[in-house]
Structure formats: C-alpha cells, structure tokens
$ cat coords.tsv   # TSV, C-alpha atoms
chain	number	residue	atom	x	y	z
C	707	MET	CA	26.73	38.94	47.97
C	708	HIS	CA	26.27	39.04	44.20
C	709	GLY	CA	23.69	37.04	42.18
C	710	THR	CA	24.58	34.88	39.18
C	711	ALA	CA	24.93	37.01	36.08
C	712	ALA	CA	22.52	36.27	33.26
C	713	PRO	CA	24.14	34.99	30.04
C	714	PRO	CA	24.43	37.51	27.23
C	715	PRO	CA	21.44	37.56	24.84
C	716	ASP	CA	23.57	36.50	21.88
C	717	LYS	CA	24.85	33.47	23.78
C	718	THR	CA	21.29	32.48	24.72
C	719	ALA	CA	20.17	32.80	21.10
C	720	LYS	CA	23.07	30.65	19.92
C	721	ALA	CA	22.24	28.00	22.53
C	722	LYS	CA	18.59	27.90	21.38
C	723	ARG	CA	19.66	27.71	17.74
C	724	ALA	CA	22.08	24.87	18.52
C	725	PHE	CA	19.33	23.01	20.42
C	726	TRP	CA	16.82	23.26	17.58
C	727	LEU	CA	19.44	22.40	14.98
C	728	LYS	CA	20.25	19.24	16.91
C	729	GLN	CA	16.55	18.35	17.19
C	730	LEU	CA	15.95	18.98	13.48
C	731	HIS	CA	18.96	16.92	12.43
C	732	THR	CA	17.83	14.08	14.73
C	733	TRP	CA	14.27	14.01	13.35
C	734	HIS	CA	15.58	14.44	9.82
C	735	TRP	CA	17.86	11.41	9.91
C	736	ILE	CA	15.37	9.26	11.84
C	737	SER	CA	12.57	10.00	9.35
C	738	SER	CA	14.95	9.44	6.43
C	739	ALA	CA	15.97	6.06	7.84
C	740	VAL	CA	12.32	5.01	8.37
C	741	SER	CA	11.24	6.13	4.88
C	742	LEU	CA	14.38	5.15	2.93
C	743	VAL	CA	13.23	1.75	1.62
C	744	GLY	CA	9.72	3.06	1.02
C	745	LEU	CA	11.07	6.03	-0.94
C	746	LEU	CA	13.14	3.70	-3.13
C	747	LEU	CA	10.13	1.43	-3.72
C	748	PHE	CA	7.71	4.24	-4.51
C	749	THR	CA	10.27	6.06	-6.69
C	750	VAL	CA	10.99	2.99	-8.82
C	751	THR	CA	7.32	2.02	-9.09
C	752	GLY	CA	6.48	5.61	-9.97
C	753	ILE	CA	8.65	5.16	-13.07
C	754	THR	CA	7.19	1.74	-13.90
C	755	LEU	CA	3.63	3.06	-13.49
C	756	ASN	CA	4.43	6.01	-15.73
C	757	HIS	CA	5.56	3.55	-18.43
C	758	ALA	CA	3.07	0.78	-17.68
C	759	GLY	CA	2.08	0.50	-21.35
C	760	GLN	CA	5.65	-0.23	-22.46
C	761	ILE	CA	6.55	-2.73	-19.72
C	762	GLU	CA	3.21	-4.43	-19.11
C	763	GLY	CA	3.64	-8.09	-18.18
C	764	LYS	CA	1.84	-10.96	-19.88
C	765	PRO	CA	-0.70	-12.60	-17.55
C	766	VAL	CA	-0.16	-16.23	-16.61
C	767	THR	CA	-3.37	-18.06	-15.74
C	768	VAL	CA	-3.68	-21.34	-13.85
C	769	GLU	CA	-6.96	-23.28	-13.68
C	770	ARG	CA	-7.69	-26.07	-11.23
C	771	GLU	CA	-10.58	-28.39	-10.43
C	772	ALA	CA	-11.46	-30.27	-7.26
C	773	GLN	CA	-14.35	-32.02	-5.58
C	774	LEU	CA	-15.66	-30.96	-2.19
C	775	PRO	CA	-15.53	-33.87	0.29
C	776	GLU	CA	-18.85	-35.43	1.28
C	777	THR	CA	-18.34	-34.33	4.89
C	778	LEU	CA	-18.29	-30.68	3.81
C	779	ARG	CA	-21.13	-30.81	1.28
C	780	PRO	CA	-23.88	-30.05	3.88
C	781	LEU	CA	-22.14	-26.75	4.69
C	782	VAL	CA	-22.75	-25.43	1.18
C	783	ALA	CA	-26.01	-27.19	0.28
C	784	ALA	CA	-28.81	-24.89	-0.88
C	785	ARG	CA	-31.76	-24.34	1.45
C	786	GLU	CA	-35.39	-23.79	0.52
C	787	SER	CA	-35.53	-20.63	2.63
C	788	GLU	CA	-32.89	-18.95	0.47
C	789	GLY	CA	-33.96	-16.60	-2.29
C	790	ALA	CA	-32.48	-16.28	-5.75
C	791	ASP	CA	-30.62	-13.04	-5.02
C	792	LYS	CA	-26.90	-13.07	-4.32
C	793	GLN	CA	-25.87	-12.49	-0.72
C	794	GLU	CA	-22.61	-11.61	0.98
C	795	ARG	CA	-22.16	-14.23	3.67
C	796	PRO	CA	-19.28	-15.64	5.70
C	797	LEU	CA	-17.49	-18.63	4.25
C	798	PRO	CA	-17.58	-21.58	6.68
C	799	PRO	CA	-14.15	-21.96	8.35
C	800	GLU	CA	-14.01	-25.64	7.35
C	801	ILE	CA	-14.52	-24.71	3.68
C	802	ALA	CA	-11.88	-21.96	3.89
C	803	ALA	CA	-9.39	-24.37	5.49
C	804	TRP	CA	-10.06	-27.01	2.82
C	805	LEU	CA	-9.55	-24.47	0.01
C	806	ARG	CA	-6.23	-23.41	1.53
C	807	SER	CA	-4.94	-26.97	1.82
C	808	GLU	CA	-6.41	-28.41	-1.39
C	809	LEU	CA	-6.04	-25.49	-3.84
C	810	ASP	CA	-3.39	-23.39	-2.08
C	811	VAL	CA	-5.53	-20.24	-2.10
C	812	LYS	CA	-6.28	-17.71	0.63
C	813	PRO	CA	-10.02	-17.04	0.49
C	814	ARG	CA	-11.62	-14.00	2.06
C	815	ALA	CA	-13.84	-14.33	5.11
C	816	THR	CA	-16.96	-13.59	3.04
C	817	ALA	CA	-18.21	-14.88	-0.31
C	818	GLU	CA	-21.07	-14.32	-2.74
C	819	TRP	CA	-23.79	-16.93	-2.17
C	820	SER	CA	-26.42	-17.57	-4.82
C	821	ALA	CA	-28.92	-20.38	-5.28
C	822	ASP	CA	-26.54	-22.35	-7.54
C	823	GLU	CA	-23.01	-21.56	-6.41
C	824	ILE	CA	-20.68	-19.88	-3.97
C	825	TYR	CA	-18.31	-17.42	-5.62
C	826	VAL	CA	-15.12	-16.51	-3.76
C	827	PRO	CA	-13.14	-13.60	-5.23
C	828	LEU	CA	-9.34	-13.79	-4.82
C	829	PRO	CA	-7.99	-10.32	-5.63
C	830	ARG	CA	-4.30	-9.77	-4.85
C	831	PRO	CA	-1.43	-7.49	-5.83
C	832	GLY	CA	-0.16	-8.27	-9.31
C	833	GLY	CA	-2.90	-10.74	-10.10
C	834	ASP	CA	-6.44	-11.90	-9.62
C	835	GLY	CA	-8.42	-15.07	-9.12
C	836	TRP	CA	-11.64	-16.70	-8.03
C	837	VAL	CA	-13.12	-19.94	-6.72
C	838	ALA	CA	-16.60	-21.19	-7.64
C	839	ILE	CA	-18.28	-23.95	-5.64
C	840	ASP	CA	-21.31	-25.69	-7.15
C	841	ARG	CA	-23.75	-26.04	-4.26
C	842	GLU	CA	-25.49	-29.08	-5.71
C	843	SER	CA	-22.64	-31.21	-7.07
C	844	GLY	CA	-19.81	-29.97	-4.85
C	845	GLU	CA	-17.62	-29.34	-7.90
C	846	VAL	CA	-14.98	-26.68	-7.27
C	847	LEU	CA	-13.37	-24.58	-10.00
C	848	ALA	CA	-10.49	-22.22	-9.29
C	849	GLU	CA	-8.58	-19.77	-11.46
C	850	THR	CA	-5.59	-17.63	-10.52
C	851	SER	CA	-3.65	-15.23	-12.70
C	852	SER	CA	-0.38	-13.36	-12.25
C	853	ARG	CA	0.88	-10.38	-14.22
C	854	GLY	CA	4.47	-10.57	-13.00
C	855	ALA	CA	6.76	-8.89	-10.47
C	856	ILE	CA	6.50	-5.38	-11.90
C	857	SER	CA	2.71	-5.48	-11.76
C	858	TYR	CA	2.97	-6.76	-8.19
C	859	LEU	CA	5.17	-3.80	-7.18
C	860	ASN	CA	2.91	-1.37	-9.03
C	861	ASP	CA	-0.09	-2.63	-7.05
C	862	LEU	CA	1.89	-2.18	-3.83
C	863	HIS	CA	2.45	1.44	-4.89
C	864	LYS	CA	-1.30	1.92	-5.40
C	865	GLY	CA	-2.30	-0.08	-2.31
C	866	ARG	CA	-4.48	-2.26	-4.56
C	867	ASN	CA	-5.78	-5.41	-2.84
C	868	THR	CA	-2.94	-5.25	-0.31
C	869	GLY	CA	-4.83	-5.60	2.97
C	870	THR	CA	-4.82	-3.75	6.27
C	871	ALA	CA	-1.17	-4.25	7.23
C	872	TRP	CA	0.12	-2.69	4.00
C	873	SER	CA	-2.38	0.16	4.36
C	874	TRP	CA	-0.90	0.93	7.77
C	875	PHE	CA	2.60	0.80	6.31
C	876	ILE	CA	1.66	3.35	3.63
C	877	ASP	CA	0.25	5.70	6.28
C	878	ILE	CA	3.34	5.39	8.50
C	879	PHE	CA	5.63	5.82	5.49
C	880	ALA	CA	3.69	8.93	4.40
C	881	VAL	CA	4.03	10.50	7.87
C	882	ALA	CA	7.77	9.70	7.97
C	883	SER	CA	8.22	11.22	4.50
C	884	LEU	CA	6.32	14.34	5.60
C	885	VAL	CA	8.56	14.73	8.65
C	886	PHE	CA	11.61	14.20	6.43
C	887	ALA	CA	10.44	16.89	3.98
C	888	ILE	CA	9.42	19.46	6.63
C	889	THR	CA	12.61	19.10	8.68
C	890	GLY	CA	14.61	19.30	5.47
C	891	LEU	CA	12.82	22.52	4.52
C	892	VAL	CA	13.50	24.08	7.94
C	893	LEU	CA	17.16	23.06	7.72
C	894	LEU	CA	17.33	24.67	4.27
C	895	TRP	CA	15.89	27.86	5.77
C	896	LEU	CA	18.41	27.87	8.63
C	897	HIS	CA	21.37	27.39	6.27
C	898	ALA	CA	20.07	29.44	3.33
C	899	HIS	CA	22.15	32.52	4.17
C	900	ARG	CA	25.30	30.52	3.40
C	901	ARG	CA	23.87	28.91	0.26
C	902	PRO	CA	22.46	31.57	-2.10
C	903	SER	CA	21.10	28.99	-4.55
C	904	THR	CA	18.78	27.42	-1.95
C	905	TRP	CA	15.57	29.36	-2.61
C	906	PRO	CA	15.95	29.59	-6.40
C	907	LEU	CA	16.20	25.78	-6.48
C	908	VAL	CA	13.24	25.37	-4.11
C	909	GLY	CA	11.26	27.80	-6.27
C	910	LEU	CA	12.17	25.84	-9.39
C	911	GLY	CA	10.94	22.64	-7.75
C	912	LEU	CA	7.59	24.37	-7.14
C	913	LEU	CA	7.34	26.26	-10.43
C	914	LEU	CA	8.25	23.43	-12.81
C	915	PRO	CA	5.38	21.02	-11.95
C	916	LEU	CA	2.99	23.97	-11.72
C	917	LEU	CA	3.84	25.11	-15.26
C	918	LEU	CA	3.64	21.56	-16.61
C	919	ALA	CA	0.20	21.13	-15.04
C	920	MET	CA	-1.05	24.45	-16.38
C	921	PHE	CA	0.21	24.21	-19.96
C	922	PHE	CA	0.82	20.56	-20.83
C	923	ILE	CA	-1.88	18.58	-18.99
C	924	HIS	CA	-5.27	18.65	-20.71
$ encode --input "coords.tsv" --output "structure tokens"
Amino acid sequence: MHGTAAPPPDKTAKAKRAFWLKQLHTWHWISSAVSLVGLLLFTVTGITLNHAGQIEGKPVTVEREAQLPETLRPLVAARESEGADKQERPLPPEIAAWLRSELDVKPRATAEWSADEIYVPLPRPGGDGWVAIDRESGEVLAETSSRGAISYLNDLHKGRNTGTAWSWFIDIFAVASLVFAITGLVLLWLHAHRRPSTWPLVGLGLLLPLLLAMFFIH
C-alpha cells in the first residue's frame, strides 16, 4: 500500500503565490473602493488649499436679534454667588432648543458664562458664528458667517470644526488608504520582474519630494 505522494516543491510555491496574489488583489480593490471618494475629495482640496490665496471666497455675514422669552429668563439670570470670571458651563437644554428653533443655530453643549452675558461660540466648517445672551435684559444677538463651498471643503480636508463623526471618517479613510498603498507596493514587487520601469518610477516618487524639500523649502 502506497502513501499519497507529496506535491512537487515548485507546484506548492506556485499555489502559495497564487493564494497571496488573490488575497492582495482582494484587499487592494476593497481598500480602493472604500477610499475612492475620500481620495478624490482630499486630492481636489489639496489643490484648493495650495492655491487658497487665489481662490479665497468672500465671507457672507448674517446678523440676527431676538428676545429670550420670560419663561426662560430665570435660567440665565445672574446669581450673587457667581464671580466675575468667565466659566465654561453647560447651556440649559431649554435655551439650546429655543436657539435652534428661533435662530436656526446648533449651539454647543457648553458656553462661556460671565457676570453680564452668556457667549456661545458657533464654529463650523467654512464659516464661523456666535450667540450672545444678555443675562439681565434677555436680549439675544447672533452672527453667522460663511466663506463659501470651497472653504467648506478645505475645512473638511483639515478636519477643522467638523466634529467626532468626521474625525472617525478621516481615521478610517487613512487606514483604508494605507492598506491600498501597501498592497499596491507588494503587488508592484511581485510583478516588477516583468515591468523593468517599476522601481525607477517608485524611486522617482520618493526622490522628487525629497529633493524639493531639501533645496526649495526654506
């Protein structure tokens, strides 16, 4: 009775190579699909950021005034126990809800409380804003500004005032792009023997920014 013959070493090597090639191609196309839209966004905004001085948008500012209802005035009234220094304190939910409905703004959970007023910053991508509530009279002043769509996209690129969800997206996009680049590099290595220009081009991609940084950035 004869045992099963072991496959030739060259056949085993080819099977392993085919397995890893399949895995690399799978991870390469999955990571490219996940990072495709992000790559387009960050590529375009990389150009707009590089030429921000030439394509800077003109800010549009909107100012609004309102009066806090009498039922909400006690929530912001100054107390004798409070000092003159500014404090970071939560904004009452009723005040936040009223600001959203009355002035169409999305206030943060905390605000700067002083003896005279409550100041609510409203930073956002592509713009800025604030709300000031007079603690004695209940007068509310609000100002919002927008610098246009390009500024909005540029701030998305930088992650400026974009919140937790966008921060997570940037991290996931960065990991997907890293997987895309590493699997692409390994695939280049596996196919380089049939493409003589592979490593000269990879070397050029490394050498060019290095030379520019060394000799042209001061």
$ closest_atom_pairs --input "coords.tsv" --of "stretch 829-914 of chain C" --to "stretch 808-816 of chain C" --cutoff "12 Å" --atoms "only C-alpha atoms" --output "Markdown table"
| residue | atom | partner | partner_atom | distance |
| --- | --- | --- | --- | --- |
| C:Pro829 | CA | C:Arg814 | CA | 9.3 |
| C:Arg830 | CA | C:Lys812 | CA | 9.8 |
| C:Asp834 | CA | C:Val811 | CA | 11.3 |
| C:Gly835 | CA | C:Val811 | CA | 9.2 |
| C:Trp836 | CA | C:Pro813 | CA | 8.7 |
| C:Val837 | CA | C:Pro813 | CA | 8.4 |
| C:Ala838 | CA | C:Pro813 | CA | 11.3 |
| C:Val846 | CA | C:Leu809 | CA | 9.6 |
| C:Leu847 | CA | C:Leu809 | CA | 9.6 |
| C:Ala848 | CA | C:Leu809 | CA | 7.8 |
| C:Glu849 | CA | C:Val811 | CA | 9.9 |
| C:Thr850 | CA | C:Val811 | CA | 8.8 |
| C:Ser851 | CA | C:Val811 | CA | 11.9 |
| C:Asn867 | CA | C:Arg814 | CA | 11.5 |
| C:Gly869 | CA | C:Arg814 | CA | 10.8 |
$ write_last_selection --input "coords.tsv" --atoms "C-alpha atoms" --output "PDB file, in the coordinates of the input"
ATOM      1  CA  PRO C 829      -7.990 -10.320  -5.630  1.00  0.00           C
ATOM      2  CA  ARG C 830      -4.300  -9.770  -4.850  1.00  0.00           C
ATOM      3  CA  ASP C 834      -6.440 -11.900  -9.620  1.00  0.00           C
ATOM      4  CA  GLY C 835      -8.420 -15.070  -9.120  1.00  0.00           C
ATOM      5  CA  TRP C 836     -11.640 -16.700  -8.030  1.00  0.00           C
ATOM      6  CA  VAL C 837     -13.120 -19.940  -6.720  1.00  0.00           C
ATOM      7  CA  ALA C 838     -16.600 -21.190  -7.640  1.00  0.00           C
ATOM      8  CA  VAL C 846     -14.980 -26.680  -7.270  1.00  0.00           C
ATOM      9  CA  LEU C 847     -13.370 -24.580 -10.000  1.00  0.00           C
ATOM     10  CA  ALA C 848     -10.490 -22.220  -9.290  1.00  0.00           C
ATOM     11  CA  GLU C 849      -8.580 -19.770 -11.460  1.00  0.00           C
ATOM     12  CA  THR C 850      -5.590 -17.630 -10.520  1.00  0.00           C
ATOM     13  CA  SER C 851      -3.650 -15.230 -12.700  1.00  0.00           C
ATOM     14  CA  ASN C 867      -5.780  -5.410  -2.840  1.00  0.00           C
ATOM     15  CA  GLY C 869      -4.830  -5.600   2.970  1.00  0.00           C
TER      16      GLY C 869
END
$ residues_around --input "coords.tsv" --residues "C:Ile856" --least-positions-apart "2" --cutoff "12 Å" --atoms "only C-alpha atoms" --output "PyMOL selection string"
chain C and resi 747+750-755+757-765+831-833+852-854+858-863
$ write_last_selection --input "coords.tsv" --atoms "C-alpha atoms" --output "PDB file, keeping the file's coordinate frame"
ATOM      1  CA  LEU C 747      10.130   1.430  -3.720  1.00  0.00           C
ATOM      2  CA  VAL C 750      10.990   2.990  -8.820  1.00  0.00           C
ATOM      3  CA  THR C 751       7.320   2.020  -9.090  1.00  0.00           C
ATOM      4  CA  GLY C 752       6.480   5.610  -9.970  1.00  0.00           C
ATOM      5  CA  ILE C 753       8.650   5.160 -13.070  1.00  0.00           C
ATOM      6  CA  THR C 754       7.190   1.740 -13.900  1.00  0.00           C
ATOM      7  CA  LEU C 755       3.630   3.060 -13.490  1.00  0.00           C
ATOM      8  CA  HIS C 757       5.560   3.550 -18.430  1.00  0.00           C
ATOM      9  CA  ALA C 758       3.070   0.780 -17.680  1.00  0.00           C
ATOM     10  CA  GLY C 759       2.080   0.500 -21.350  1.00  0.00           C
ATOM     11  CA  GLN C 760       5.650  -0.230 -22.460  1.00  0.00           C
ATOM     12  CA  ILE C 761       6.550  -2.730 -19.720  1.00  0.00           C
ATOM     13  CA  GLU C 762       3.210  -4.430 -19.110  1.00  0.00           C
ATOM     14  CA  GLY C 763       3.640  -8.090 -18.180  1.00  0.00           C
ATOM     15  CA  LYS C 764       1.840 -10.960 -19.880  1.00  0.00           C
ATOM     16  CA  PRO C 765      -0.700 -12.600 -17.550  1.00  0.00           C
ATOM     17  CA  PRO C 831      -1.430  -7.490  -5.830  1.00  0.00           C
ATOM     18  CA  GLY C 832      -0.160  -8.270  -9.310  1.00  0.00           C
ATOM     19  CA  GLY C 833      -2.900 -10.740 -10.100  1.00  0.00           C
ATOM     20  CA  SER C 852      -0.380 -13.360 -12.250  1.00  0.00           C
ATOM     21  CA  ARG C 853       0.880 -10.380 -14.220  1.00  0.00           C
ATOM     22  CA  GLY C 854       4.470 -10.570 -13.000  1.00  0.00           C
ATOM     23  CA  TYR C 858       2.970  -6.760  -8.190  1.00  0.00           C
ATOM     24  CA  LEU C 859       5.170  -3.800  -7.180  1.00  0.00           C
ATOM     25  CA  ASN C 860       2.910  -1.370  -9.030  1.00  0.00           C
ATOM     26  CA  ASP C 861      -0.090  -2.630  -7.050  1.00  0.00           C
ATOM     27  CA  LEU C 862       1.890  -2.180  -3.830  1.00  0.00           C
ATOM     28  CA  HIS C 863       2.450   1.440  -4.890  1.00  0.00           C
TER      29      HIS C 863
END
$ atom_distance --input "coords.tsv" --atom1 "atom CA of C:Asp822" --atom2 "atom CA of C:Val766"
28.6 Å
$ closest_residue --input "coords.tsv" --among "C:Leu727, C:Ala721, C:Val881, C:Leu917" --to "C:Leu893" --atoms "all atoms listed in the file"
C:Leu727
$ atom_distance --input "coords.tsv" --atom1 "atom CA of C:Glu771" --atom2 "atom CA of C:Ala784"
20.9 Å
$ build_atoms --input "coords.tsv" --residues "stretch 855-872 of chain C" --atoms "N, CA and C atoms" --output "mmCIF file, in the frame of the given file"
data_model
loop_
_atom_site.group_PDB
_atom_site.id
_atom_site.type_symbol
_atom_site.label_atom_id
_atom_site.label_comp_id
_atom_site.auth_asym_id
_atom_site.auth_seq_id
_atom_site.Cartn_x
_atom_site.Cartn_y
_atom_site.Cartn_z
ATOM 1 N N ALA C 855 6.205 -9.608 -11.619
ATOM 2 C CA ALA C 855 6.760 -8.890 -10.470
ATOM 3 C C ALA C 855 6.530 -7.387 -10.560
ATOM 4 N N ILE C 856 6.664 -6.825 -11.759
ATOM 5 C CA ILE C 856 6.500 -5.380 -11.900
ATOM 6 C C ILE C 856 5.061 -4.974 -11.593
ATOM 7 N N SER C 857 4.108 -5.757 -12.068
ATOM 8 C CA SER C 857 2.710 -5.480 -11.760
ATOM 9 C C SER C 857 2.441 -5.616 -10.264
ATOM 10 N N TYR C 858 3.101 -6.581 -9.637
ATOM 11 C CA TYR C 858 2.970 -6.760 -8.190
ATOM 12 C C TYR C 858 3.455 -5.508 -7.450
ATOM 13 N N LEU C 859 4.630 -5.000 -7.826
ATOM 14 C CA LEU C 859 5.170 -3.800 -7.180
ATOM 15 C C LEU C 859 4.310 -2.579 -7.476
ATOM 16 N N ASN C 860 3.784 -2.490 -8.698
ATOM 17 C CA ASN C 860 2.910 -1.370 -9.030
ATOM 18 C C ASN C 860 1.651 -1.371 -8.157
ATOM 19 N N ASP C 861 1.096 -2.551 -7.899
ATOM 20 C CA ASP C 861 -0.090 -2.630 -7.050
ATOM 21 C C ASP C 861 0.247 -2.293 -5.599
ATOM 22 N N LEU C 862 1.468 -2.611 -5.152
ATOM 23 C CA LEU C 862 1.890 -2.180 -3.830
ATOM 24 C C LEU C 862 1.926 -0.660 -3.761
ATOM 25 N N HIS C 863 2.405 -0.026 -4.824
ATOM 26 C CA HIS C 863 2.450 1.440 -4.890
ATOM 27 C C HIS C 863 1.046 2.014 -4.743
ATOM 28 N N LYS C 864 0.073 1.411 -5.413
ATOM 29 C CA LYS C 864 -1.300 1.920 -5.400
ATOM 30 C C LYS C 864 -2.097 1.440 -4.187
ATOM 31 N N GLY C 865 -1.546 0.487 -3.427
ATOM 32 C CA GLY C 865 -2.300 -0.080 -2.310
ATOM 33 C C GLY C 865 -3.480 -0.902 -2.779
ATOM 34 N N ARG C 866 -3.367 -1.506 -3.958
ATOM 35 C CA ARG C 866 -4.480 -2.260 -4.560
ATOM 36 C C ARG C 866 -4.498 -3.693 -4.036
ATOM 37 N N ASN C 867 -5.576 -4.041 -3.367
ATOM 38 C CA ASN C 867 -5.780 -5.410 -2.840
ATOM 39 C C ASN C 867 -4.615 -5.856 -1.953
ATOM 40 N N THR C 868 -4.120 -4.947 -1.113
ATOM 41 C CA THR C 868 -2.940 -5.250 -0.310
ATOM 42 C C THR C 868 -3.245 -5.530 1.159
ATOM 43 N N GLY C 869 -4.460 -5.272 1.598
ATOM 44 C CA GLY C 869 -4.830 -5.600 2.970
ATOM 45 C C GLY C 869 -4.521 -4.501 3.971
ATOM 46 N N THR C 870 -4.922 -4.757 5.215
ATOM 47 C CA THR C 870 -4.820 -3.750 6.270
ATOM 48 C C THR C 870 -3.385 -3.439 6.666
ATOM 49 N N ALA C 871 -2.546 -4.468 6.779
ATOM 50 C CA ALA C 871 -1.170 -4.250 7.230
ATOM 51 C C ALA C 871 -0.413 -3.325 6.272
ATOM 52 N N TRP C 872 -0.563 -3.552 4.968
ATOM 53 C CA TRP C 872 0.120 -2.690 4.000
ATOM 54 C C TRP C 872 -0.462 -1.283 4.010
#
